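Structure file entry-v7.txt (compact mmCIF, C-alpha atoms) is printed below.
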# COMPACT_ATOMS: atom_id res chain seq x y z
CA ASP B 1 -11.34 20.49 7.86
CA ALA B 2 -12.55 23.98 8.76
CA GLU B 3 -12.93 24.94 5.10
CA ALA B 4 -14.92 21.79 4.34
CA TRP B 5 -17.21 22.39 7.31
CA ASN B 6 -17.82 25.99 6.21
CA VAL B 7 -18.87 24.75 2.75
CA ILE B 8 -21.28 22.20 4.23
CA LYS B 9 -22.96 24.47 6.75
CA GLY B 10 -23.21 27.31 4.24
CA ALA B 11 -25.00 25.06 1.78
CA SER B 12 -27.07 23.03 4.22
CA TRP B 13 -28.71 25.79 6.26
CA VAL B 14 -30.14 29.08 5.01
CA ASP B 15 -28.31 31.24 7.57
CA GLY B 16 -25.21 29.02 7.61
CA ARG B 17 -25.95 27.92 11.19
CA PRO B 18 -27.21 24.44 12.08
CA PRO B 19 -30.12 24.13 14.51
CA PRO B 20 -29.38 23.48 18.22
CA ALA B 21 -28.14 19.96 18.91
CA VAL B 22 -30.55 17.64 20.71
CA HIS B 23 -27.82 16.43 23.09
CA ARG B 24 -25.65 19.53 23.09
CA ALA B 25 -24.24 19.37 26.63
CA ARG B 26 -23.34 15.67 26.52
CA LEU B 27 -21.83 15.83 23.03
CA SER B 28 -19.80 18.94 23.85
CA LYS B 29 -18.32 17.28 26.94
CA LEU B 30 -17.48 14.02 25.18
CA SER B 31 -16.00 15.84 22.17
CA SER B 32 -13.80 18.01 24.37
CA ASP B 33 -12.62 14.99 26.39
CA LEU B 34 -11.78 13.00 23.25
CA ARG B 35 -9.75 15.82 21.70
CA ARG B 36 -7.69 16.23 24.86
CA CYS B 37 -7.32 12.47 25.24
CA VAL B 38 -5.77 11.79 21.81
CA GLU B 39 -3.99 15.10 21.21
CA ARG B 40 -0.53 13.88 22.22
CA TYR B 41 -0.92 10.52 20.44
CA LEU B 42 -1.82 12.26 17.17
CA GLU B 43 1.13 14.63 17.50
CA VAL B 44 3.61 11.81 18.10
CA THR B 45 2.33 9.57 15.28
CA ALA B 46 2.19 12.53 12.87
CA LYS B 47 5.95 13.00 13.21
CA GLU B 48 6.75 9.27 13.21
CA PRO B 49 3.92 7.10 11.82
CA ASN B 50 5.62 3.86 12.96
CA LYS B 51 5.28 5.05 16.56
CA ALA B 52 1.76 3.58 16.36
CA LEU B 53 3.45 0.16 16.49
CA ILE B 54 5.18 0.78 19.81
CA GLU B 55 3.11 3.42 21.60
CA ALA B 56 -0.31 2.33 22.80
CA PRO B 57 -3.21 4.70 22.11
CA PRO B 58 -4.85 6.33 25.16
CA GLU B 59 -6.98 3.93 27.19
CA ARG B 60 -9.91 6.35 27.40
CA ALA B 61 -10.21 6.95 23.65
CA ALA B 62 -12.21 3.79 22.85
CA PRO B 63 -14.85 4.26 25.61
CA LEU B 64 -15.20 7.94 24.70
CA LEU B 65 -15.85 7.05 21.05
CA ARG B 66 -18.38 4.40 22.14
CA ASP B 67 -20.22 6.93 24.29
CA LEU B 68 -20.20 9.50 21.48
CA GLY B 69 -21.64 6.92 19.11
CA LYS B 70 -24.39 5.98 21.55
CA VAL B 71 -25.46 9.60 22.00
CA LEU B 72 -25.43 10.25 18.24
CA GLU B 73 -27.43 7.06 17.63
CA GLN B 74 -30.08 8.26 20.08
CA GLY B 75 -30.52 11.60 18.35
CA ARG B 76 -29.92 10.60 14.73
CA SER B 77 -30.02 14.24 13.72
CA ASP B 78 -27.98 16.53 11.46
CA ALA B 79 -27.80 18.98 14.35
CA ASP B 80 -25.97 16.50 16.61
CA VAL B 81 -23.50 15.49 13.90
CA ALA B 82 -23.02 19.16 13.01
CA LEU B 83 -22.00 19.91 16.60
CA VAL B 84 -19.45 17.09 16.52
CA LEU B 85 -18.01 18.26 13.20
CA SER B 86 -17.82 21.89 14.31
CA SER B 87 -15.93 20.79 17.44
CA GLY B 88 -13.25 19.17 15.29
CA VAL B 89 -13.91 15.64 16.53
CA GLY B 90 -14.89 14.41 13.06
CA GLY B 91 -11.40 15.20 11.82
CA VAL B 92 -9.81 13.75 14.97
CA ALA B 93 -11.55 10.36 14.62
CA LEU B 94 -10.69 10.15 10.92
CA GLU B 95 -7.07 11.05 11.66
CA LEU B 96 -6.98 8.24 14.21
CA ILE B 97 -8.09 5.81 11.51
CA ASP B 98 -5.24 7.01 9.29
CA ARG B 99 -2.62 6.54 12.02
CA LEU B 100 -3.94 3.24 13.37
CA LYS B 101 -4.05 1.50 9.99
CA THR B 102 -0.25 1.14 10.30
CA CYS B 103 -0.93 -1.69 12.75
CA LEU B 104 -2.94 -3.79 10.29
CA GLY B 105 0.17 -5.50 8.95
CA PHE B 106 0.51 -7.23 12.32
CA ALA B 107 -3.18 -8.05 12.80
CA GLY B 108 -2.84 -11.69 11.77
CA GLU B 109 0.00 -12.56 14.13
CA THR B 110 -0.70 -14.83 17.06
CA GLY B 111 0.35 -13.45 20.39
CA LYS B 112 0.51 -9.95 18.93
CA PRO B 113 1.79 -7.26 21.31
CA VAL B 114 -0.65 -5.52 23.63
CA VAL B 115 0.05 -2.25 21.77
CA ILE B 116 -1.25 -3.75 18.50
CA GLN B 117 -4.30 -5.24 20.23
CA LYS B 118 -5.21 -1.86 21.73
CA ALA B 119 -4.64 -0.07 18.44
CA LEU B 120 -6.90 -2.50 16.56
CA GLN B 121 -9.61 -2.20 19.22
CA LEU B 122 -9.52 1.60 18.89
CA LEU B 123 -9.58 1.30 15.09
CA LEU B 124 -12.74 -0.79 15.39
CA GLU B 125 -14.37 1.84 17.63
CA CYS B 126 -13.38 4.61 15.18
CA LEU B 127 -15.00 2.73 12.30
CA LYS B 128 -18.16 2.00 14.29
CA TRP B 129 -18.37 5.67 15.22
CA ALA B 130 -17.83 6.76 11.61
CA CYS B 131 -20.59 4.41 10.45
CA VAL B 132 -23.01 5.94 12.97
CA CYS B 133 -22.12 9.44 11.78
CA GLY B 134 -22.24 8.25 8.18
CA LYS B 135 -26.00 7.83 8.43
CA GLN B 136 -26.16 11.63 8.14
CA ALA B 137 -25.33 13.19 4.75
CA ILE B 138 -23.31 16.04 6.23
CA PHE B 139 -20.72 13.63 7.66
CA ARG B 140 -20.38 11.81 4.34
CA GLN B 141 -19.98 15.15 2.58
CA PHE B 142 -17.28 16.09 5.09
CA CYS B 143 -15.38 12.87 4.34
CA VAL B 144 -15.52 13.51 0.60
CA LEU B 145 -14.52 17.18 0.80
CA THR B 146 -11.56 16.46 3.11
CA LYS B 147 -10.46 13.50 0.92
CA ARG B 148 -10.78 11.12 3.89
CA GLY B 149 -12.36 8.64 1.49
CA LEU B 150 -8.85 7.98 0.14
CA VAL B 151 -7.71 7.01 3.66
CA LEU B 152 -10.69 4.67 4.01
CA THR B 153 -9.83 3.10 0.65
CA ASP B 154 -6.25 2.44 1.77
CA LEU B 155 -7.64 0.95 4.96
CA ALA B 156 -9.95 -1.35 2.98
CA LEU B 157 -7.00 -2.59 0.89
CA ALA B 158 -4.99 -3.31 4.04
CA CYS B 159 -7.96 -5.09 5.64
CA LEU B 160 -8.58 -7.27 2.58
CA ALA B 161 -4.91 -8.24 2.53
CA GLY B 162 -5.00 -9.50 6.11
CA SER B 163 -8.67 -10.11 6.99
CA PRO B 164 -8.33 -8.70 10.52
CA GLU B 165 -11.08 -9.30 13.03
CA VAL B 166 -11.50 -7.53 16.35
CA GLY B 167 -13.93 -9.14 18.75
CA GLY B 168 -15.36 -11.20 15.89
CA THR B 169 -16.04 -8.13 13.72
CA PRO B 170 -14.27 -8.00 10.32
CA LEU B 171 -12.89 -4.47 9.99
CA GLU B 172 -13.32 -4.44 6.20
CA SER B 173 -17.10 -4.91 6.50
CA LEU B 174 -17.48 -1.60 8.33
CA ASP B 175 -15.00 0.21 6.10
CA LEU B 176 -16.57 -0.98 2.82
CA HIS B 177 -20.03 -0.10 4.12
CA LEU B 178 -18.87 3.47 4.75
CA LEU B 179 -17.08 3.73 1.39
CA ALA B 180 -20.22 2.58 -0.44
CA ALA B 181 -22.17 5.37 1.25
CA LEU B 182 -19.53 7.99 0.35
CA VAL B 183 -19.57 7.33 -3.40
CA LYS B 184 -23.37 7.73 -3.47
CA THR B 185 -23.41 10.97 -1.47
CA LYS B 186 -24.91 14.03 -3.14
CA ALA B 187 -23.38 17.49 -3.06
CA PRO B 188 -24.44 19.73 -0.14
CA SER B 189 -27.28 22.05 -1.16
CA THR B 190 -30.42 23.80 0.06
CA ASP B 191 -33.73 24.59 -1.60
CA ARG B 192 -32.95 28.28 -1.92
CA ASP B 193 -31.74 29.86 -5.17
CA ARG B 194 -28.14 28.96 -5.83
CA ASP B 195 -25.50 31.64 -6.31
CA ALA B 196 -22.07 31.50 -7.96
CA LYS B 197 -20.30 30.47 -4.74
CA GLU B 198 -22.66 27.56 -4.15
CA ASP B 199 -22.16 26.37 -7.73
CA LYS B 200 -18.40 26.50 -7.18
CA ASP B 201 -18.70 24.55 -3.91
CA SER B 202 -20.90 21.95 -5.58
CA THR B 203 -18.41 21.57 -8.42
CA SER B 204 -15.58 21.14 -5.91
CA PHE B 205 -17.53 18.40 -4.13
CA LEU B 206 -18.30 16.55 -7.36
CA GLU B 207 -14.65 16.75 -8.42
CA ARG B 208 -13.50 15.25 -5.13
CA ARG B 209 -16.13 12.53 -5.26
CA SER B 210 -14.97 11.70 -8.79
CA MET B 211 -11.40 11.61 -7.46
CA LEU B 212 -12.49 9.09 -4.82
CA VAL B 213 -14.27 6.89 -7.38
CA GLY B 214 -11.25 7.06 -9.68
CA TYR B 215 -8.94 6.04 -6.85
CA LEU B 216 -11.24 3.17 -5.88
CA LEU B 217 -11.09 1.84 -9.44
CA THR B 218 -7.37 2.33 -10.12
CA CYS B 219 -6.17 0.87 -6.81
CA GLY B 220 -7.85 -2.44 -7.61
CA LEU B 221 -10.28 -2.51 -4.70
CA PRO B 222 -13.27 -3.83 -6.72
CA GLU B 223 -11.17 -6.78 -7.96
CA LYS B 224 -9.97 -7.56 -4.43
CA VAL B 225 -13.54 -7.51 -3.10
CA GLN B 226 -14.62 -9.74 -5.98
CA ALA B 227 -11.77 -12.15 -5.26
CA ARG B 228 -12.84 -12.30 -1.61
CA PHE B 229 -16.40 -13.29 -2.54
CA LYS B 230 -15.17 -15.95 -4.94
CA LEU B 231 -13.90 -17.81 -1.88
CA VAL B 232 -17.40 -17.94 -0.38
CA LYS B 233 -19.10 -21.33 -0.80
CA GLY B 234 -22.82 -21.90 -0.66
CA PRO B 235 -25.72 -19.60 -1.66
CA MET B 236 -23.38 -16.81 -2.85
CA GLU B 237 -21.29 -19.11 -5.04
CA GLY B 238 -21.31 -17.91 -8.62
CA ALA B 239 -22.55 -14.43 -7.64
CA ALA B 240 -19.13 -12.77 -7.58
CA ALA B 241 -19.27 -11.16 -11.02
CA PRO B 242 -21.88 -8.46 -10.15
CA VAL B 243 -19.90 -7.57 -7.03
For the file at hand, write its structure as structure tokens.
Amino acid sequence: DAEAWNVIKGASWVDGRPPPAVHRARLSKLSSDLRRCVERYLEVTAKEPNKALIEAPPERAAPLLRDLGKVLEQGRSDADVALVLSSGVGGVALELIDRLKTCLGFAGETGKPVVIQKALQLLLECLKWACVCGKQAIFRQFCVLTKRGLVLTDLALACLAGSPEVGGTPLESLDLHLLAALVKTKAPSTDRDRDAKEDKDSTSFLERRSMLVGYLLTCGLPEKVQARFKLVKGPMEGAAAPV
């Protein structure tokens, strides 16, 4: 994560330092609180991924992510997202998505355990937060460089297999929206003359984006999305082929 962030900030700003965040104090506090809140949960589920099925995520994580998203939505600036990425919270939220997707296999069960309900609610908040951040190119570049797009692809496959909804929101709609933005993201660059290092960084980004596109195609996601739309009746009927 640190290496990817160094590539982005080195290419995006002339002196390698982003401008001051608009909501620096609030974002710093929320980012610090979220890291501390989920630290133990991430450690436990890293050693035993199935622990996500029996250990509920921290209660405060979802409201903290909601608050972070609200502040970022207000500013809508690269500087705010840059502060969040430099604090490590970008990686933390994306790691949460990776761990929580284990619970998707139980999403369709009636009377599912409280642990699964809480995990799915937090997964929804993580995806909403990622979509807010995804409006800024530097976050999308971060996802591509750290190969988090592969995690989002696996999540989309799991969602399409079970069609989970949390609070009436289909999880796959948020995930596919973010994936579509990732594959169209351009390499990080500035207007200044490029040197050999920047060319190397750009090549690395393009290689990883190509890896993501290749994975999307070989895992069968386009066919699964197409099959989903074939089930839709009404105005969209017959429009599945272009999808």
Using only C-alpha atoms, which residues sit within 9 Å of Ala119 in chain B once same-chain residues fewer than 4 positions away are excluded, as number ranges by chain?
-> B: 52-53, 56-57, 100-101, 103, 114-115, 123-124
Calculate how many Å separate CA of Arg40 in chain B from CA of Pro63 in chain B, rounding to one decimal.
-> 17.6 Å
Extract, using only C-alpha atoms, all DNA, RNA and protein residues at most 9 Å from range 134-146 of chain B, discarding same-chain residues fewer than 5 positions from it, and format them as a VMD selection string.
-> chain B and resid 1 3 to 5 7 to 9 12 76 to 78 81 to 82 85 90 to 91 94 129 178 181 to 183 185 to 188 204 to 206 208 to 209 212
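Going from CA of Pro170 in chain B over to CA of Glu43 in chain B, you cover 28.3 Å.
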Which residues come within 10 Å of Arg35 in chain B, counting all atoms listed in the file, excluding same-chain residues fewer than 6 positions away, as a ChimeraX atom specification?
-> /B:42,61,87-89,92-93
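Atom pair CA of Ala227 in chain B / CA of Leu104 in chain B has a distance of 19.7 Å (rounded to one decimal).
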Could you please give me, as a ChimeraX atom specification, the residues of protein, DNA or RNA lying at most 10 Å from (-18.9, -0.3, 7.6) in the coordinate frame of the file, considering only C-alpha atoms?
-> /B:124,127-132,134,170-181
Restricted to C-alpha atoms, what would the selected residues look like written as a tab-separated table (two decimals), keeping the file's coordinate frame?
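And here's result.tsv as it stands now:
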chain	number	residue	atom	x	y	z
B	124	LEU	CA	-12.74	-0.79	15.39
B	127	LEU	CA	-15.00	2.73	12.30
B	128	LYS	CA	-18.16	2.00	14.29
B	129	TRP	CA	-18.37	5.67	15.22
B	130	ALA	CA	-17.83	6.76	11.61
B	131	CYS	CA	-20.59	4.41	10.45
B	132	VAL	CA	-23.01	5.94	12.97
B	134	GLY	CA	-22.24	8.25	8.18
B	170	PRO	CA	-14.27	-8.00	10.32
B	171	LEU	CA	-12.89	-4.47	9.99
B	172	GLU	CA	-13.32	-4.44	6.20
B	173	SER	CA	-17.10	-4.91	6.50
B	174	LEU	CA	-17.48	-1.60	8.33
B	175	ASP	CA	-15.00	0.21	6.10
B	176	LEU	CA	-16.57	-0.98	2.82
B	177	HIS	CA	-20.03	-0.10	4.12
B	178	LEU	CA	-18.87	3.47	4.75
B	179	LEU	CA	-17.08	3.73	1.39
B	180	ALA	CA	-20.22	2.58	-0.44
B	181	ALA	CA	-22.17	5.37	1.25
